[in-house]
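*Asks:* Quick one: structure below, then a few questions.
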Amino acid sequence: MVIAEAAYLIDRQLGAKAEASLYASIIEGQLEVADLAITDWQRIQDLVGTYADMRLGGTDASVIALAERQGAVRIATLNRRHFAVVRPRLLTRSNCCRSTTASPGAVPISQLI
């Protein structure tokens, strides 16, 4: 779910070559694509229902569910609107970080999520 959204945003903002680089990073093992377990889907359903008035959506809910399951304490996002409001089980608002540009020395998102 998240890869599809990331690919769309990368293509829209940076073009097809950058999108292809995303897939290369996955193929080469630089990024790990996590599988969603049944418990993740249950948490996604819970989050989407709980935050229905703000239309959280499955993609953002899946990021939260995976972060909770993996014990992550930080989420890198460009979407503060949802992540500043939702109260994940293990995260605090102060641990939700935002970056509008990627710098050469930036920590890969796979290490933050």
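Here, A, B, ... name the chains of the structure tokens in the order displayed, residue numbers run from 1 inside each chain, and ligands are numbered from 1 in the same displayed order.
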Quick one: residues within 12 Å of Ala37 (chain A), only C-alpha atoms counted, chain neighbours fewer than 4 positions away excluded, as a VMD selection string?
*Replies:* chain A and resid 41 to 44 62 65 to 66 69 to 70
*Asks:* Neighbours of Gly58 (chain A) within 9 Å (only C-alpha atoms; same-chain residues fewer than 4 positions away dropped), as JSON, numbers by chain?
*Replies:* {"A": [1, 44, 45, 47, 48, 62, 63]}
*Asks:* Any chance you can output those residues with N, CA and C atoms as a short mmCIF file (atom, residue, chain, number, x, y, z; two decimals), in the first residue's frame?
*Replies:*
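result-v9.cif, freshly written:
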data_model
loop_
_atom_site.label_atom_id
_atom_site.label_comp_id
_atom_site.auth_asym_id
_atom_site.auth_seq_id
_atom_site.Cartn_x
_atom_site.Cartn_y
_atom_site.Cartn_z
N MET A 1 0.82 -1.19 0.00
CA MET A 1 0.00 0.00 0.00
C MET A 1 0.87 1.26 0.00
N ILE A 44 -5.61 -1.63 11.16
CA ILE A 44 -5.95 -0.67 10.09
C ILE A 44 -7.45 -0.39 10.11
N GLN A 45 -8.25 -1.45 10.21
CA GLN A 45 -9.70 -1.28 10.28
C GLN A 45 -10.09 -0.42 11.49
N LEU A 47 -8.22 1.81 13.12
CA LEU A 47 -7.78 3.21 12.93
C LEU A 47 -8.66 3.96 11.94
N VAL A 48 -9.00 3.30 10.81
CA VAL A 48 -9.84 3.96 9.80
C VAL A 48 -11.21 4.26 10.39
N SER A 62 -1.97 1.87 7.64
CA SER A 62 -1.04 0.74 7.54
C SER A 62 0.36 1.13 8.02
N VAL A 63 0.77 2.36 7.77
CA VAL A 63 2.06 2.84 8.27
C VAL A 63 2.06 2.81 9.80
#
*Asks:* Would you mind telling me which residue in A:Asp46, A:Leu78, A:Ile3, A:Gly71 lies nearest to Ile26 (chain A) when using only C-alpha atoms?
*Replies:* A:Ile3
*Asks:* Set the distance at 10 Å and use only C-alpha atoms: which residues neighbour Ala7 (chain A) once local chain neighbours fewer than 2 positions away are removed? I'd like the list as a VMD selection string.
*Replies:* chain A and resid 2 to 5 9 to 13 15 to 16 18 to 23
*Asks:* Can you tell me how far CA of Val33 (chain A) sits from CA of Asp53 (chain A), in Å to one decimal?
*Replies:*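 Spanning CA of Val33 (chain A) to CA of Asp53 (chain A) is a straight-line distance of 29.2 Å.
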*Asks:* Between CA of Leu56 (chain A) and CA of Glu32 (chain A), what is the distance in Å, rounded to a tenth?
*Replies:* 23.8 Å
*Asks:* What is the CA of His82 (chain A)-CA of Ala52 (chain A) distance in Å, reported with one decimal?
*Replies:*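 One can read the CA of His82 (chain A) to CA of Ala52 (chain A) distance as 11.4 Å.
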*Asks:* From a DSSP calculation on the backbone, collect every residue of region 1-111 of chain A in alpha helix (DSSP H) and output the set as a PyMOL selection string.
*Replies:* chain A and resi 2-14+16-27+38-50+58-70+80-83+109-111
